[in-house]
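Please read the structure below before turning to the comments.
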Amino acid sequence: MSRFGDLATPLSWPKVASSSPRSPLSLRSTKKRIEGWLVLSIILSIVTSLVMAIGPIRQVEAADRALIEGIRLSTQAQRTRVVLDVDRPLEAKIFEESNPERLIVDLQDTRLAGDIPTVRKDDIRLARIRMAYHDKGRRLRLVFDLKRKVAWKSAHFPPLERYGHRLVLDLSSKEGGAAPAASISPSASPKSSSRSRPPPPSTLADSRCHRGDWDPNRLRDTIVVIDPGHGGKDPGAIAPSGLREKDVVMAISRDLARRIDATPGMRAILTRTTDRRIPLRTRTGIARANRASLFISIHADAFRNPRIWGSSVYILSYKGESSEEGRWLAARENAAALAGGDSLDGISLHECEDDDFIQTILDYSQTGARKLGTHAAVRILESLTRATRIRKRNVDRAGFVVLKAPNIPSLLIETGFLTNPTDAKRLATPSYQRKIAAAIMKGIKAHFKKYPPPGSLLEVWYKGTDHRVVRGDTLSELSLRYRVSVEDLRRLNAIEGDLIRIGQVLRVPPTGAG
């Protein structure tokens, strides 16, 4: 019962002992007070009901709106990328404003969760990002304050692996007329862009994160990432003598890296240079970050049967392992990675920062990179066959997680089995380790002679190229750059003397780099 008694029944006034009867004025005052309390109680009940009703309405409105779960920034020399991680496809209106320069993105029925990221001070295009709500909170406006005029393009990417929907905005240096305003529909996809079709699989040796419009004045080295297996608290396989896999593969990897670095036009990068454990995602991430043309993981494993011996070369299996040893070894390696806290879901190609690469891999990841990885594996296996004992004369397939970077030709080499006495004895000797490294190097060279990465020195040496003359070019300087003789340049281009013209296209002959 409330403090006011049962309001539904007639009021019963208590009898008050008094020497004199209560005055009518006092009774009227008490009744008015009670009536006031009654009215106030009714008003409070109504207000409470309204508040409780408005709460769910606001929740429904919030659920009705698209959510930007976060904003990511990536600043590179060529462009600044803004990625909006959203819970659904968005319709965005994007347009430019001047004085000062800025790019505006309007998103209807959208709200932002989290903070606006801070722009790097060395970003030459973007100064800062601001946001505000308009139309009573129904429209979110993102304002990108620019340091200069920019060209821009945008696209929506559907969910893939660990990523959800993404609205991607690229800002690059202005190179022409104003970029047109754009409206992105929910059905937009990377394939609807006006980019040219990607190259055929045979040219994908290094199309990852490489645009194809390479500058012959900045020919680059071919990057090979070498991954010594295990490390740190994970010793890998251990021979009866106590020889540890992580030490053997580190020695072989270092020797191989020295050989690669000594080869003109090539450069090696080790995923680890000390005795420490590197997560699988970090290993393949190193290859992507350095735009590697080949990823080689080196191991010296064990098997339950000590009679198993010899070297093997593996590529990633997309359907199933091709041997019992392959199944067992892949399960063992992946279990070791899982115990170390790795994720076994592979590498998302959308972690790469280049949208041309994304388009290429979406079309050719199952054919181009796999074809190149297989070719490299075959060439290396052929070389190992002439140098050491081989378990099988065919490239094997297994589900090694470390090979699950679809954009990079990848392979795994089992240099031998530490559970086999003969293999373990050989792998313990520096001379045999150097022999293995030399055989791998020979196979790598054979692979790149067939498929030199586009835009690399190796491509020029093996395939030749065209060079457009720019101010400051001379025949003698070009002969040094491309490692060809001045006489060969003159003969191939019908040049008499040393005079060349700006804009003239010269054919540079292949040199067949050793």
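The way I read the labels, and the way they are meant: chains A, B, ... in the order of the structure tokens, residue 1 as the first residue of every chain, and ligand 1 as the first ligand shown, with later ones counted on from there.
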
Please provide the set of residues having any atom within 12 Å of region 464-481 of chain A, restricted to only C-alpha atoms, with same-chain residues fewer than 5 positions apart removed, written as an mmCIF file with C-alpha atoms, in the first residue's frame.
```cif
data_model
loop_
_atom_site.group_PDB
_atom_site.id
_atom_site.type_symbol
_atom_site.label_atom_id
_atom_site.label_comp_id
_atom_site.auth_asym_id
_atom_site.auth_seq_id
_atom_site.Cartn_x
_atom_site.Cartn_y
_atom_site.Cartn_z
ATOM 1 C CA TRP A 214 57.121 0.616 -63.414
ATOM 2 C CA ASP A 215 59.754 3.249 -63.979
ATOM 3 C CA PRO A 216 62.843 1.869 -65.760
ATOM 4 C CA ASN A 217 64.821 4.657 -64.110
ATOM 5 C CA ARG A 218 64.143 2.984 -60.753
ATOM 6 C CA LEU A 219 64.558 -0.705 -61.504
ATOM 7 C CA ARG A 220 64.288 -2.669 -58.319
ATOM 8 C CA PRO A 264 73.226 -8.691 -58.743
ATOM 9 C CA GLY A 265 69.555 -7.704 -58.917
ATOM 10 C CA LYS A 449 65.300 -16.727 -65.470
ATOM 11 C CA PRO A 452 61.638 -12.490 -63.823
ATOM 12 C CA PRO A 454 58.098 -7.140 -63.771
ATOM 13 C CA GLY A 455 59.947 -3.899 -63.204
ATOM 14 C CA SER A 456 63.059 -5.595 -61.856
ATOM 15 C CA LEU A 457 66.667 -5.625 -62.970
ATOM 16 C CA LEU A 458 66.303 -9.361 -63.562
ATOM 17 C CA GLU A 459 63.550 -8.722 -66.093
ATOM 18 C CA VAL A 486 77.386 1.042 -75.378
ATOM 19 C CA GLU A 487 78.085 -0.785 -78.644
ATOM 20 C CA ASP A 488 75.105 -3.109 -78.088
ATOM 21 C CA LEU A 489 72.841 -0.105 -77.459
ATOM 22 C CA ARG A 490 74.102 1.617 -80.611
ATOM 23 C CA ARG A 491 73.742 -1.501 -82.777
ATOM 24 C CA LEU A 492 70.276 -2.479 -81.558
ATOM 25 C CA ASN A 493 68.905 1.068 -81.955
ATOM 26 C CA ILE A 495 72.547 4.946 -83.427
ATOM 27 C CA GLU A 496 75.654 6.522 -84.890
ATOM 28 C CA GLY A 497 77.772 8.385 -82.397
ATOM 29 C CA ASP A 498 76.482 9.284 -78.920
ATOM 30 C CA LEU A 499 73.541 11.565 -79.702
ATOM 31 C CA ILE A 500 70.149 10.530 -78.267
ATOM 32 C CA ARG A 501 66.986 12.643 -78.055
ATOM 33 C CA ILE A 502 64.634 13.291 -75.154
ATOM 34 C CA GLY A 503 61.535 11.157 -75.705
ATOM 35 C CA GLN A 504 63.372 8.663 -77.915
ATOM 36 C CA VAL A 505 62.586 5.020 -77.060
ATOM 37 C CA LEU A 506 65.638 2.779 -76.936
ATOM 38 C CA ARG A 507 65.504 -0.996 -76.945
ATOM 39 C CA VAL A 508 67.702 -2.452 -74.193
ATOM 40 C CA PRO A 509 68.902 -5.986 -74.986
ATOM 41 C CA PRO A 510 68.798 -8.817 -72.432
ATOM 42 C CA THR A 511 72.137 -9.665 -70.881
ATOM 43 C CA GLY A 512 71.356 -13.056 -69.339
ATOM 44 C CA ALA A 513 72.427 -12.185 -65.790
#
```

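Here the question is which of A:Ser74, A:Ser253, A:Ser98, A:Ser311 gets nearest to Asn420 (chain A) using only C-alpha atoms, and that residue is A:Ser311.
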
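Put simply, CA of Tyr451 (chain A) is 13.1 Å away from CA of Arg370 (chain A).
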
- Task: Considering only C-alpha atoms, return as a ChimeraX atom specification whatever protein or nucleic-acid residues lie within 8 Å of region 238-245 of chain A, sequence-local ones (same chain, fewer than 5 positions apart) excluded.
- Result: /A:229-230,299-302,418-419,424,428

Writer output for current selection, N, CA and C atoms, as a PDB file, in the first residue's frame:
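Okay, out.pdb is ready:
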```pdb
ATOM      1  N   GLY A 229      62.449 -22.015 -40.102  1.00  0.00           N
ATOM      2  CA  GLY A 229      61.353 -22.497 -39.274  1.00  0.00           C
ATOM      3  C   GLY A 229      61.665 -22.468 -37.788  1.00  0.00           C
ATOM      4  N   HIS A 230      60.575 -22.368 -36.994  1.00  0.00           N
ATOM      5  CA  HIS A 230      60.645 -22.447 -35.534  1.00  0.00           C
ATOM      6  C   HIS A 230      61.472 -21.301 -34.947  1.00  0.00           C
ATOM      7  N   HIS A 299      62.890 -26.045 -43.407  1.00  0.00           N
ATOM      8  CA  HIS A 299      62.702 -26.898 -42.234  1.00  0.00           C
ATOM      9  C   HIS A 299      63.617 -28.122 -42.313  1.00  0.00           C
ATOM     10  N   ALA A 300      63.746 -28.783 -41.173  1.00  0.00           N
ATOM     11  CA  ALA A 300      64.414 -30.086 -41.093  1.00  0.00           C
ATOM     12  C   ALA A 300      63.630 -30.868 -40.057  1.00  0.00           C
ATOM     13  N   ASP A 301      62.676 -31.625 -40.513  1.00  0.00           N
ATOM     14  CA  ASP A 301      61.648 -32.114 -39.609  1.00  0.00           C
ATOM     15  C   ASP A 301      61.930 -33.525 -39.103  1.00  0.00           C
ATOM     16  N   ALA A 302      60.894 -34.090 -38.497  1.00  0.00           N
ATOM     17  CA  ALA A 302      60.968 -35.433 -37.917  1.00  0.00           C
ATOM     18  C   ALA A 302      59.754 -36.220 -38.352  1.00  0.00           C
ATOM     19  N   LEU A 418      65.581 -35.225 -39.008  1.00  0.00           N
ATOM     20  CA  LEU A 418      66.488 -35.392 -37.884  1.00  0.00           C
ATOM     21  C   LEU A 418      66.255 -36.698 -37.144  1.00  0.00           C
ATOM     22  N   THR A 419      65.132 -37.352 -37.411  1.00  0.00           N
ATOM     23  CA  THR A 419      64.881 -38.665 -36.806  1.00  0.00           C
ATOM     24  C   THR A 419      65.565 -39.783 -37.574  1.00  0.00           C
ATOM     25  N   ALA A 424      70.471 -36.760 -40.053  1.00  0.00           N
ATOM     26  CA  ALA A 424      70.853 -35.939 -38.905  1.00  0.00           C
ATOM     27  C   ALA A 424      72.364 -35.690 -38.890  1.00  0.00           C
ATOM     28  N   ALA A 428      74.144 -31.829 -39.584  1.00  0.00           N
ATOM     29  CA  ALA A 428      74.931 -31.214 -38.511  1.00  0.00           C
ATOM     30  C   ALA A 428      76.232 -30.603 -39.006  1.00  0.00           C
TER      31      ALA A 428
END
```

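If you look at CA of Val150 (chain A) and CA of Arg125 (chain A), they are 7.1 Å away from each other.
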
- All residues 9 Å or closer to Asn394 (chain A), only C-alpha atoms, same chain fewer than 5 positions away omitted, as a PyMOL selection string: chain A and resi 312-313+378+381

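Of note, CA of Lys445 (chain A) and CA of Leu372 (chain A) are spaced 13.3 Å apart.
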
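Closest to Val86 (chain A) among A:His165, A:Arg148, A:Arg111, A:Arg128 is A:His165, based on only C-alpha atoms.
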
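Checking A:Leu427, A:Ala398, A:Ile444, A:Leu67 one by one against Ile260 (chain A), counting only C-alpha atoms, you find the shortest gap at A:Ile444.
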
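Candidate residues A:Arg81, A:Arg138, A:Arg166, A:Arg288 were compared for distance to Lys153 (chain A), and the nearest is A:Arg81, using only C-alpha atoms.
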
What's the 9 Å shell around Arg276 (chain A), counting only C-alpha atoms, without same-chain residues fewer than 2 positions away, as a PDB file with N, CA and C atoms, in the first residue's frame?
```
ATOM      1  N   HIS A 230      60.575 -22.368 -36.994  1.00  0.00           N
ATOM      2  CA  HIS A 230      60.645 -22.447 -35.534  1.00  0.00           C
ATOM      3  C   HIS A 230      61.472 -21.301 -34.947  1.00  0.00           C
ATOM      4  N   GLY A 231      62.097 -21.509 -33.789  1.00  0.00           N
ATOM      5  CA  GLY A 231      62.861 -20.475 -33.128  1.00  0.00           C
ATOM      6  C   GLY A 231      62.341 -20.171 -31.743  1.00  0.00           C
ATOM      7  N   GLY A 232      63.211 -19.625 -30.900  1.00  0.00           N
ATOM      8  CA  GLY A 232      62.833 -19.291 -29.536  1.00  0.00           C
ATOM      9  C   GLY A 232      62.523 -20.526 -28.717  1.00  0.00           C
ATOM     10  N   LYS A 233      61.406 -20.500 -28.024  1.00  0.00           N
ATOM     11  CA  LYS A 233      61.021 -21.636 -27.179  1.00  0.00           C
ATOM     12  C   LYS A 233      60.590 -22.847 -27.990  1.00  0.00           C
ATOM     13  N   ASP A 234      60.412 -22.661 -29.285  1.00  0.00           N
ATOM     14  CA  ASP A 234      60.015 -23.773 -30.158  1.00  0.00           C
ATOM     15  C   ASP A 234      61.246 -24.284 -30.906  1.00  0.00           C
ATOM     16  N   ARG A 272      63.557 -14.159 -39.529  1.00  0.00           N
ATOM     17  CA  ARG A 272      64.191 -14.008 -38.215  1.00  0.00           C
ATOM     18  C   ARG A 272      65.700 -14.118 -38.390  1.00  0.00           C
ATOM     19  N   THR A 273      66.421 -13.315 -37.653  1.00  0.00           N
ATOM     20  CA  THR A 273      67.884 -13.335 -37.709  1.00  0.00           C
ATOM     21  C   THR A 273      68.494 -13.779 -36.390  1.00  0.00           C
ATOM     22  N   THR A 274      67.645 -13.978 -35.398  1.00  0.00           N
ATOM     23  CA  THR A 274      68.097 -14.451 -34.092  1.00  0.00           C
ATOM     24  C   THR A 274      67.226 -15.620 -33.654  1.00  0.00           C
ATOM     25  N   ILE A 278      58.737 -16.411 -34.264  1.00  0.00           N
ATOM     26  CA  ILE A 278      58.000 -15.445 -35.086  1.00  0.00           C
ATOM     27  C   ILE A 278      56.653 -16.066 -35.436  1.00  0.00           C
TER      28      ILE A 278
END
```

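Using only C-alpha atoms, the nearest neighbour of Asn99 (chain A) within the list A:Asp135, A:Asp122, A:Glu69, A:Asp145 is A:Asp145.
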
- Message: For the alpha helix (DSSP H) assignment from backbone DSSP, which residues of region 336-510 of chain A qualify? Please present them as a ChimeraX atom specification.
- Response: /A:336-339,355-364,370-385,421-427,430-450,457-463,475-482,486-493
